[in-house]
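For reference, protein.pdb is printed below; it contains PDB, C-alpha atoms.
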```pdb
MODEL        1
ATOM      1  CA  MET A   1       7.043 -28.226 136.254
ATOM      2  CA  LYS A   2       6.307 -26.069 139.237
ATOM      3  CA  GLU A   3       5.329 -22.477 138.622
ATOM      4  CA  ARG A   4       8.263 -20.146 139.171
ATOM      5  CA  THR A   5       8.166 -18.197 142.411
ATOM      6  CA  ARG A   6       8.027 -14.408 142.535
ATOM      7  CA  THR A   7      11.656 -14.362 143.722
ATOM      8  CA  GLN A   8      12.791 -16.487 140.768
ATOM      9  CA  VAL A   9      10.924 -14.297 138.298
ATOM     10  CA  ALA A  10      12.403 -11.167 139.866
ATOM     11  CA  ALA A  11      15.888 -12.668 139.688
ATOM     12  CA  SER A  12      15.389 -13.512 136.013
ATOM     13  CA  VAL A  13      14.202  -9.987 135.232
ATOM     14  CA  ALA A  14      17.141  -8.552 137.162
ATOM     15  CA  LEU A  15      19.552 -10.584 135.048
ATOM     16  CA  ASP A  16      17.869  -9.306 131.883
ATOM     17  CA  ASP A  17      18.020  -5.750 133.221
ATOM     18  CA  ALA A  18      21.687  -6.034 134.110
ATOM     19  CA  ALA A  19      22.514  -7.383 130.658
ATOM     20  CA  LEU A  20      20.561  -4.619 128.941
ATOM     21  CA  VAL A  21      22.159  -1.897 131.033
ATOM     22  CA  ALA A  22      25.626  -3.297 130.336
ATOM     23  CA  ARG A  23      24.929  -3.299 126.592
ATOM     24  CA  ILE A  24      23.576   0.258 126.690
ATOM     25  CA  ARG A  25      26.693   1.403 128.518
ATOM     26  CA  ALA A  26      28.639  -0.155 125.652
ATOM     27  CA  ARG A  27      26.586   1.974 123.222
ATOM     28  CA  ASP A  28      24.717  -1.010 121.786
ATOM     29  CA  ALA A  29      21.966   0.492 119.596
ATOM     30  CA  ASP A  30      19.912  -2.713 119.683
ATOM     31  CA  ALA A  31      19.820  -2.539 123.477
ATOM     32  CA  PHE A  32      18.479   1.019 123.315
ATOM     33  CA  ARG A  33      15.730  -0.125 120.972
ATOM     34  CA  THR A  34      14.912  -3.147 123.129
ATOM     35  CA  VAL A  35      14.401  -0.990 126.212
ATOM     36  CA  MET A  36      12.182   1.471 124.386
ATOM     37  CA  GLN A  37      10.112  -1.231 122.712
ATOM     38  CA  ARG A  38       9.676  -3.023 126.025
ATOM     39  CA  TYR A  39       8.699  -0.022 128.163
ATOM     40  CA  ASN A  40       7.369   2.716 125.854
ATOM     41  CA  GLN A  41       3.701   1.875 126.373
ATOM     42  CA  ARG A  42       3.919   1.753 130.160
ATOM     43  CA  LEU A  43       5.972   4.938 130.414
ATOM     44  CA  TYR A  44       3.661   6.832 128.083
ATOM     45  CA  ARG A  45       0.565   5.756 129.996
ATOM     46  CA  VAL A  46       2.067   6.813 133.320
ATOM     47  CA  ALA A  47       3.088  10.204 131.924
ATOM     48  CA  ARG A  48      -0.308  10.596 130.235
ATOM     49  CA  GLY A  49      -2.065   9.725 133.478
ATOM     50  CA  ILE A  50      -0.257  12.549 135.264
ATOM     51  CA  LEU A  51      -0.239  15.217 132.564
ATOM     52  CA  ARG A  52      -3.524  14.364 130.795
ATOM     53  CA  ASN A  53      -2.028  15.660 127.561
ATOM     54  CA  ASP A  54      -0.758  13.447 124.748
ATOM     55  CA  GLY A  55       1.964  15.764 123.466
ATOM     56  CA  GLU A  56       3.251  16.622 126.934
ATOM     57  CA  ALA A  57       3.323  12.940 127.830
ATOM     58  CA  GLU A  58       5.391  12.093 124.749
ATOM     59  CA  ASP A  59       7.835  14.899 125.554
ATOM     60  CA  ALA A  60       8.098  13.741 129.161
ATOM     61  CA  VAL A  61       8.923  10.185 128.082
ATOM     62  CA  GLN A  62      11.564  11.361 125.623
ATOM     63  CA  GLU A  63      13.180  13.593 128.235
ATOM     64  CA  ALA A  64      13.059  10.764 130.772
ATOM     65  CA  TYR A  65      14.897   8.466 128.378
ATOM     66  CA  VAL A  66      17.611  11.097 127.937
ATOM     67  CA  ARG A  67      17.937  11.425 131.713
ATOM     68  CA  ALA A  68      17.956   7.664 132.229
ATOM     69  CA  PHE A  69      20.504   6.879 129.538
ATOM     70  CA  SER A  70      22.709   9.718 130.785
ATOM     71  CA  HIS A  71      22.657   8.411 134.359
ATOM     72  CA  LEU A  72      22.917   4.660 133.927
ATOM     73  CA  ALA A  73      25.588   4.635 136.620
ATOM     74  CA  ASP A  74      22.778   5.372 139.085
ATOM     75  CA  PHE A  75      21.019   2.098 138.212
ATOM     76  CA  ARG A  76      22.273  -0.524 140.649
ATOM     77  CA  GLY A  77      19.593  -3.147 140.183
ATOM     78  CA  GLU A  78      17.982  -2.538 143.578
ATOM     79  CA  SER A  79      14.668  -2.234 141.739
ATOM     80  CA  SER A  80      13.691  -3.471 138.294
ATOM     81  CA  LEU A  81      14.628  -1.418 135.252
ATOM     82  CA  ALA A  82      10.927  -0.887 134.602
ATOM     83  CA  THR A  83      10.412   0.596 138.066
ATOM     84  CA  TRP A  84      13.540   2.741 137.771
ATOM     85  CA  LEU A  85      12.460   4.136 134.393
ATOM     86  CA  THR A  86       8.898   4.653 135.584
ATOM     87  CA  ARG A  87      10.124   6.649 138.569
ATOM     88  CA  ILE A  88      12.169   8.910 136.255
ATOM     89  CA  VAL A  89       9.189   9.414 133.944
ATOM     90  CA  MET A  90       6.927  10.135 136.893
ATOM     91  CA  ASN A  91       9.323  12.735 138.293
ATOM     92  CA  GLU A  92       9.621  14.379 134.880
ATOM     93  CA  ALA A  93       5.838  14.435 134.408
ATOM     94  CA  LEU A  94       5.208  15.780 137.914
ATOM     95  CA  GLY A  95       7.792  18.496 137.331
ATOM     96  CA  ARG A  96       6.046  19.533 134.128
ATOM     97  CA  LEU A  97       2.685  19.491 135.920
ATOM     98  CA  ARG A  98       4.005  21.799 138.661
ATOM     99  CA  LEU A  99       5.386  24.158 136.001
ATOM    100  CA  GLN A 100       2.039  24.220 134.211
ATOM    101  CA  ARG A 101       0.249  25.074 137.423
ATOM    102  CA  ARG A 102       2.679  27.880 138.216
ATOM    103  CA  MET A 103       2.101  29.331 134.749
ATOM    104  CA  VAL A 104      -1.659  29.216 135.240
ATOM    105  CA  ASP A 105      -1.319  30.830 138.686
ATOM    106  CA  ARG A 106       0.704  33.633 137.095
ATOM    107  CA  GLY A 107      -1.876  34.133 134.388
ATOM    108  CA  GLY A 108       0.050  32.318 131.677
ATOM    109  CA  PRO A 109      -1.626  30.316 128.921
ATOM    110  CA  PRO A 110      -2.753  26.819 129.867
ATOM    111  CA  SER A 111      -1.359  23.960 127.848
ATOM    112  CA  ASN A 112      -3.471  22.710 124.950
ATOM    113  CA  VAL A 113      -5.119  19.422 125.769
ATOM    114  CA  SER A 114      -5.119  17.139 122.760
ATOM    115  CA  GLU A 115      -7.547  14.351 122.080
ATOM    116  CA  ALA A 116      -6.650  11.430 124.312
ATOM    117  CA  GLU A 117      -6.196   7.870 123.205
ATOM    118  CA  ILE A 118      -8.471   5.283 124.742
ATOM    119  CA  ILE A 119      -6.747   3.439 127.562
ATOM    120  CA  GLN A 120      -6.871  -0.260 126.823
ATOM    121  CA  PHE A 121      -8.358  -1.615 130.023
ATOM    122  CA  PRO A 122      -8.685  -5.402 130.014
ATOM    123  CA  LEU A 123     -12.156  -6.626 129.106
ATOM    124  CA  ALA A 124     -14.029  -9.351 130.917
ATOM    125  CA  GLY A 125     -13.740 -11.655 127.925
ATOM    126  CA  LYS A 126     -13.747 -11.701 124.167
ATOM    127  CA  THR A 127     -17.091 -11.403 122.468
ATOM    128  CA  ASP A 128     -18.378 -11.676 118.915
ATOM    129  CA  ASP A 129     -21.248  -9.327 119.696
ATOM    130  CA  PRO A 130     -20.448  -6.051 117.857
ATOM    131  CA  GLU A 131     -22.956  -4.059 119.894
ATOM    132  CA  ARG A 132     -21.430  -5.226 123.160
ATOM    133  CA  THR A 133     -17.914  -4.508 121.866
ATOM    134  CA  LEU A 134     -18.950  -0.996 120.838
ATOM    135  CA  ALA A 135     -20.565  -0.395 124.226
ATOM    136  CA  GLN A 136     -17.425  -1.568 126.002
ATOM    137  CA  ARG A 137     -15.252   0.783 123.972
ATOM    138  CA  GLU A 138     -17.576   3.694 124.697
ATOM    139  CA  ILE A 139     -17.288   2.946 128.408
ATOM    140  CA  LEU A 140     -13.496   2.739 128.072
ATOM    141  CA  ASN A 141     -13.505   6.243 126.631
ATOM    142  CA  LEU A 142     -15.668   7.409 129.507
ATOM    143  CA  VAL A 143     -13.340   5.752 132.034
ATOM    144  CA  GLN A 144     -10.418   7.638 130.460
ATOM    145  CA  LYS A 145     -12.203  10.934 131.074
ATOM    146  CA  ILE A 146     -13.202   9.995 134.616
ATOM    147  CA  THR A 147      -9.641   8.874 135.373
ATOM    148  CA  ASP A 148      -8.325  12.229 134.123
ATOM    149  CA  GLU A 149     -10.540  13.971 136.667
ATOM    150  CA  LEU A 150      -9.362  11.981 139.693
ATOM    151  CA  PRO A 151      -7.248  13.861 142.261
ATOM    152  CA  ASP A 152      -3.542  13.340 141.583
ATOM    153  CA  VAL A 153      -2.857  11.000 144.526
ATOM    154  CA  TYR A 154      -5.643   8.647 143.471
ATOM    155  CA  ARG A 155      -5.107   8.917 139.712
ATOM    156  CA  ILE A 156      -1.454   7.885 139.852
ATOM    157  CA  VAL A 157      -2.181   4.823 142.008
ATOM    158  CA  PHE A 158      -5.119   3.899 139.771
ATOM    159  CA  MET A 159      -2.887   4.162 136.690
ATOM    160  CA  THR A 160      -0.074   2.049 138.096
ATOM    161  CA  ARG A 161      -2.210  -0.637 139.746
ATOM    162  CA  VAL A 162      -5.248  -1.018 137.468
ATOM    163  CA  ILE A 163      -3.996   0.065 134.066
ATOM    164  CA  GLU A 164      -0.377  -1.064 134.254
ATOM    165  CA  GLY A 165      -1.012  -4.007 136.560
ATOM    166  CA  MET A 166       1.900  -3.196 138.855
ATOM    167  CA  SER A 167       1.944  -4.943 142.215
ATOM    168  CA  VAL A 168       1.176  -3.178 145.499
ATOM    169  CA  GLU A 169       4.833  -3.537 146.493
ATOM    170  CA  ASP A 170       6.179  -2.093 143.219
ATOM    171  CA  THR A 171       3.696   0.782 143.362
ATOM    172  CA  ALA A 172       4.655   1.540 146.947
ATOM    173  CA  GLU A 173       8.341   1.545 146.025
ATOM    174  CA  LEU A 174       7.683   3.730 142.999
ATOM    175  CA  LEU A 175       5.719   6.326 144.946
ATOM    176  CA  GLY A 176       7.708   6.115 148.163
ATOM    177  CA  ILE A 177       4.649   5.319 150.287
ATOM    178  CA  PRO A 178       3.679   2.327 152.484
ATOM    179  CA  PRO A 179       1.839  -0.573 150.791
ATOM    180  CA  GLU A 180      -1.184   0.050 153.023
ATOM    181  CA  THR A 181      -1.397   3.601 151.664
ATOM    182  CA  VAL A 182      -1.388   2.216 148.126
ATOM    183  CA  LYS A 183      -4.280  -0.093 149.023
ATOM    184  CA  THR A 184      -6.245   2.726 150.656
ATOM    185  CA  ARG A 185      -5.764   5.102 147.724
ATOM    186  CA  LEU A 186      -6.617   2.403 145.202
ATOM    187  CA  HIS A 187      -9.809   1.545 147.069
ATOM    188  CA  ARG A 188     -10.792   5.207 147.064
ATOM    189  CA  ALA A 189      -9.891   5.639 143.388
ATOM    190  CA  ARG A 190     -11.919   2.595 142.356
ATOM    191  CA  ARG A 191     -14.914   3.844 144.321
ATOM    192  CA  LEU A 192     -14.703   7.292 142.733
ATOM    193  CA  VAL A 193     -14.502   5.814 139.233
ATOM    194  CA  ARG A 194     -17.387   3.425 139.837
ATOM    195  CA  GLU A 195     -19.523   6.188 141.346
ATOM    196  CA  GLN A 196     -19.032   8.380 138.293
ATOM    197  CA  LEU A 197     -19.700   5.508 135.907
ATOM    198  CA  ASP A 198     -22.859   4.619 137.790
ATOM    199  CA  LYS A 199     -24.061   8.234 137.635
ATOM    200  CA  GLN A 200     -23.486   8.493 133.897
ATOM    201  CA  ILE A 201     -24.391   5.054 132.584
ATOM    202  CA  GLY A 202     -25.719   2.955 135.443
ATOM    203  CA  PRO A 203     -24.518  -0.619 136.059
ATOM    204  CA  VAL A 204     -24.375  -1.504 132.335
ATOM    205  CA  LEU A 205     -21.385  -3.733 131.509
ATOM    206  CA  MET A 206     -19.689  -2.947 134.819
ATOM    207  CA  ASP A 207     -18.479  -6.554 134.919
ATOM    208  CA  ALA A 208     -16.197  -5.724 131.983
ATOM    209  CA  PHE A 209     -13.725  -3.847 134.131
ATOM    210  CA  PRO A 210     -11.294  -4.924 136.874
ATOM    211  CA  PHE A 211     -12.384  -2.317 139.395
TER
ENDMDL
END
```
Rewrite the coordinates I just gave you, this time as structure tokens.
Amino acid sequence: MKERTRTQVAASVALDDAALVARIRARDADAFRTVMQRYNQRLYRVARGILRNDGEAEDAVQEAYVRAFSHLADFRGESSLATWLTRIVMNEALGRLRLQRRMVDRGGPPSNVSEAEIIQFPLAGKTDDPERTLAQREILNLVQKITDELPDVYRIVFMTRVIEGMSVEDTAELLGIPPETVKTRLHRARRLVREQLDKQIGPVLMDAFPF
């Protein structure tokens, strides 16, 4: 059997999306749960990548769901449901980030940054070596911190492309920028992350990461 083309896969996803949206409009509770189970992890990671705060990210995702489910008439299937939801979460998170910055500029209290979860970057391969596994996880934690410190324009592209594995085209659509800009920002983000890793740990286990 020939591997399905990108167009066929997209068409299949679109059909699934349309069915889910129709069921949600009919107040099908199982459809609500299906959407949240399918997309929670991605949406949280995107919000966390922007806000760099666990609690704020959770709030942003919850508010985004409310907005999305209240405006399902706006979903016309021109993009995937995942992309549509991600765009809503991103707008909500960016709005919260702008509000935080205005508060800081006015002398208000900064938000409390909670302990972050380790981002589960893909590893180069499974290993039974506990020391290597521990070292990889320590580097993952370091990558999380380095990612948090990237400038916004690079961090968001790095999150969507490297961590979430979104395509260049989907990322460009999500951010409203040309695909070439996505590639340029990703290249810069990868270089910044690798430079910081090299400064702090050297080239140890660098082959474990996709950047």
**Message:** Residue by residue, what does the PyMOL selection byres ((chain A and resi 188) around 12) grab here? Present the result as a ChimeraX atom specification.
**Reply:** /A:150-151,153-155,157-158,181-187,189-195,211
Please produce an output containing C-alpha atoms for each residue in the selection, written as a CSV table (one decimal), keeping the file's coordinate frame.
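Result file selection-v6.csv:
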```csv
chain,number,residue,atom,x,y,z
A,150,LEU,CA,-9.4,12.0,139.7
A,151,PRO,CA,-7.2,13.9,142.3
A,153,VAL,CA,-2.9,11.0,144.5
A,154,TYR,CA,-5.6,8.6,143.5
A,155,ARG,CA,-5.1,8.9,139.7
A,157,VAL,CA,-2.2,4.8,142.0
A,158,PHE,CA,-5.1,3.9,139.8
A,181,THR,CA,-1.4,3.6,151.7
A,182,VAL,CA,-1.4,2.2,148.1
A,183,LYS,CA,-4.3,-0.1,149.0
A,184,THR,CA,-6.2,2.7,150.7
A,185,ARG,CA,-5.8,5.1,147.7
A,186,LEU,CA,-6.6,2.4,145.2
A,187,HIS,CA,-9.8,1.5,147.1
A,189,ALA,CA,-9.9,5.6,143.4
A,190,ARG,CA,-11.9,2.6,142.4
A,191,ARG,CA,-14.9,3.8,144.3
A,192,LEU,CA,-14.7,7.3,142.7
A,193,VAL,CA,-14.5,5.8,139.2
A,194,ARG,CA,-17.4,3.4,139.8
A,195,GLU,CA,-19.5,6.2,141.3
A,211,PHE,CA,-12.4,-2.3,139.4
```
**Message:** Under the rule that all atoms listed in the file are counted, which of A:Val61, A:Leu81, A:Ala73, A:Ala68 is the nearest residue to Asp170 (chain A)?
**Reply:** A:Leu81
**Request:** Run the PyMOL selection byres ((chain A and resi 79) around 10) against the file shown and list the residues it catches, as number ranges by chain.
**Result:** A: 10, 14, 17, 75-78, 80-85, 170, 173-174
**Request:** Grab the CA of Glu63 (chain A) to CA of Gly176 (chain A) distance for me, in Å with one decimal place.
**Result:** 22.0 Å
**Asked** When you draw a straight line from CA of Gly95 (chain A) to CA of Ile50 (chain A), how long is it in Å?
**Response** 10.2 Å
Which residues would end up in the selection if the PyMOL selection byres ((chain A and resi 40) around 12) were applied here, given that I need the answer as a PDB file with C-alpha atoms, keeping the file's coordinate frame?
```
ATOM      1  CA  PHE A  32      18.479   1.019 123.315  1.00  0.00           C
ATOM      2  CA  ARG A  33      15.730  -0.125 120.972  1.00  0.00           C
ATOM      3  CA  THR A  34      14.912  -3.147 123.129  1.00  0.00           C
ATOM      4  CA  VAL A  35      14.401  -0.990 126.212  1.00  0.00           C
ATOM      5  CA  MET A  36      12.182   1.471 124.386  1.00  0.00           C
ATOM      6  CA  GLN A  37      10.112  -1.231 122.712  1.00  0.00           C
ATOM      7  CA  ARG A  38       9.676  -3.023 126.025  1.00  0.00           C
ATOM      8  CA  TYR A  39       8.699  -0.022 128.163  1.00  0.00           C
ATOM      9  CA  GLN A  41       3.701   1.875 126.373  1.00  0.00           C
ATOM     10  CA  ARG A  42       3.919   1.753 130.160  1.00  0.00           C
ATOM     11  CA  LEU A  43       5.972   4.938 130.414  1.00  0.00           C
ATOM     12  CA  TYR A  44       3.661   6.832 128.083  1.00  0.00           C
ATOM     13  CA  ARG A  45       0.565   5.756 129.996  1.00  0.00           C
ATOM     14  CA  VAL A  46       2.067   6.813 133.320  1.00  0.00           C
ATOM     15  CA  ALA A  47       3.088  10.204 131.924  1.00  0.00           C
ATOM     16  CA  ARG A  48      -0.308  10.596 130.235  1.00  0.00           C
ATOM     17  CA  ALA A  57       3.323  12.940 127.830  1.00  0.00           C
ATOM     18  CA  GLU A  58       5.391  12.093 124.749  1.00  0.00           C
ATOM     19  CA  ALA A  60       8.098  13.741 129.161  1.00  0.00           C
ATOM     20  CA  VAL A  61       8.923  10.185 128.082  1.00  0.00           C
ATOM     21  CA  GLN A  62      11.564  11.361 125.623  1.00  0.00           C
ATOM     22  CA  ALA A  64      13.059  10.764 130.772  1.00  0.00           C
ATOM     23  CA  TYR A  65      14.897   8.466 128.378  1.00  0.00           C
ATOM     24  CA  ALA A  82      10.927  -0.887 134.602  1.00  0.00           C
ATOM     25  CA  LEU A  85      12.460   4.136 134.393  1.00  0.00           C
ATOM     26  CA  THR A  86       8.898   4.653 135.584  1.00  0.00           C
ATOM     27  CA  VAL A  89       9.189   9.414 133.944  1.00  0.00           C
TER      28      VAL A  89
END
```
**CA of Asn53 (chain A) to CA of Ile177 (chain A), straight-line distance in Å** =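 Going from CA of Ile177 (chain A) over to CA of Asn53 (chain A), I get 25.8 Å.
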Using the file's own x, y and z axes, what box holds all listed atoms of region 187-195 of chain A with 8 Å on each side, keeping edges along x, y and z, and what are its centre and edge lengths in Å to one decimal, as JSON?
```
{"center_x": -14.7, "center_y": 4.4, "center_z": 143.2, "size_x": 25.7, "size_y": 21.7, "size_z": 23.8}
```
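When only C-alpha atoms are used to compute distances to Met159 (chain A), the closest of the residues A:Thr147, A:Ser70, A:Gln200, A:Gln100 turns out to be A:Thr147.
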**Distance criterion (only C-alpha atoms): nearest to Phe69 (chain A) out of A:Leu94, A:Leu20, A:Asn141, A:Leu99** =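 Smallest separation from Phe69 (chain A) among the options: A:Leu20.
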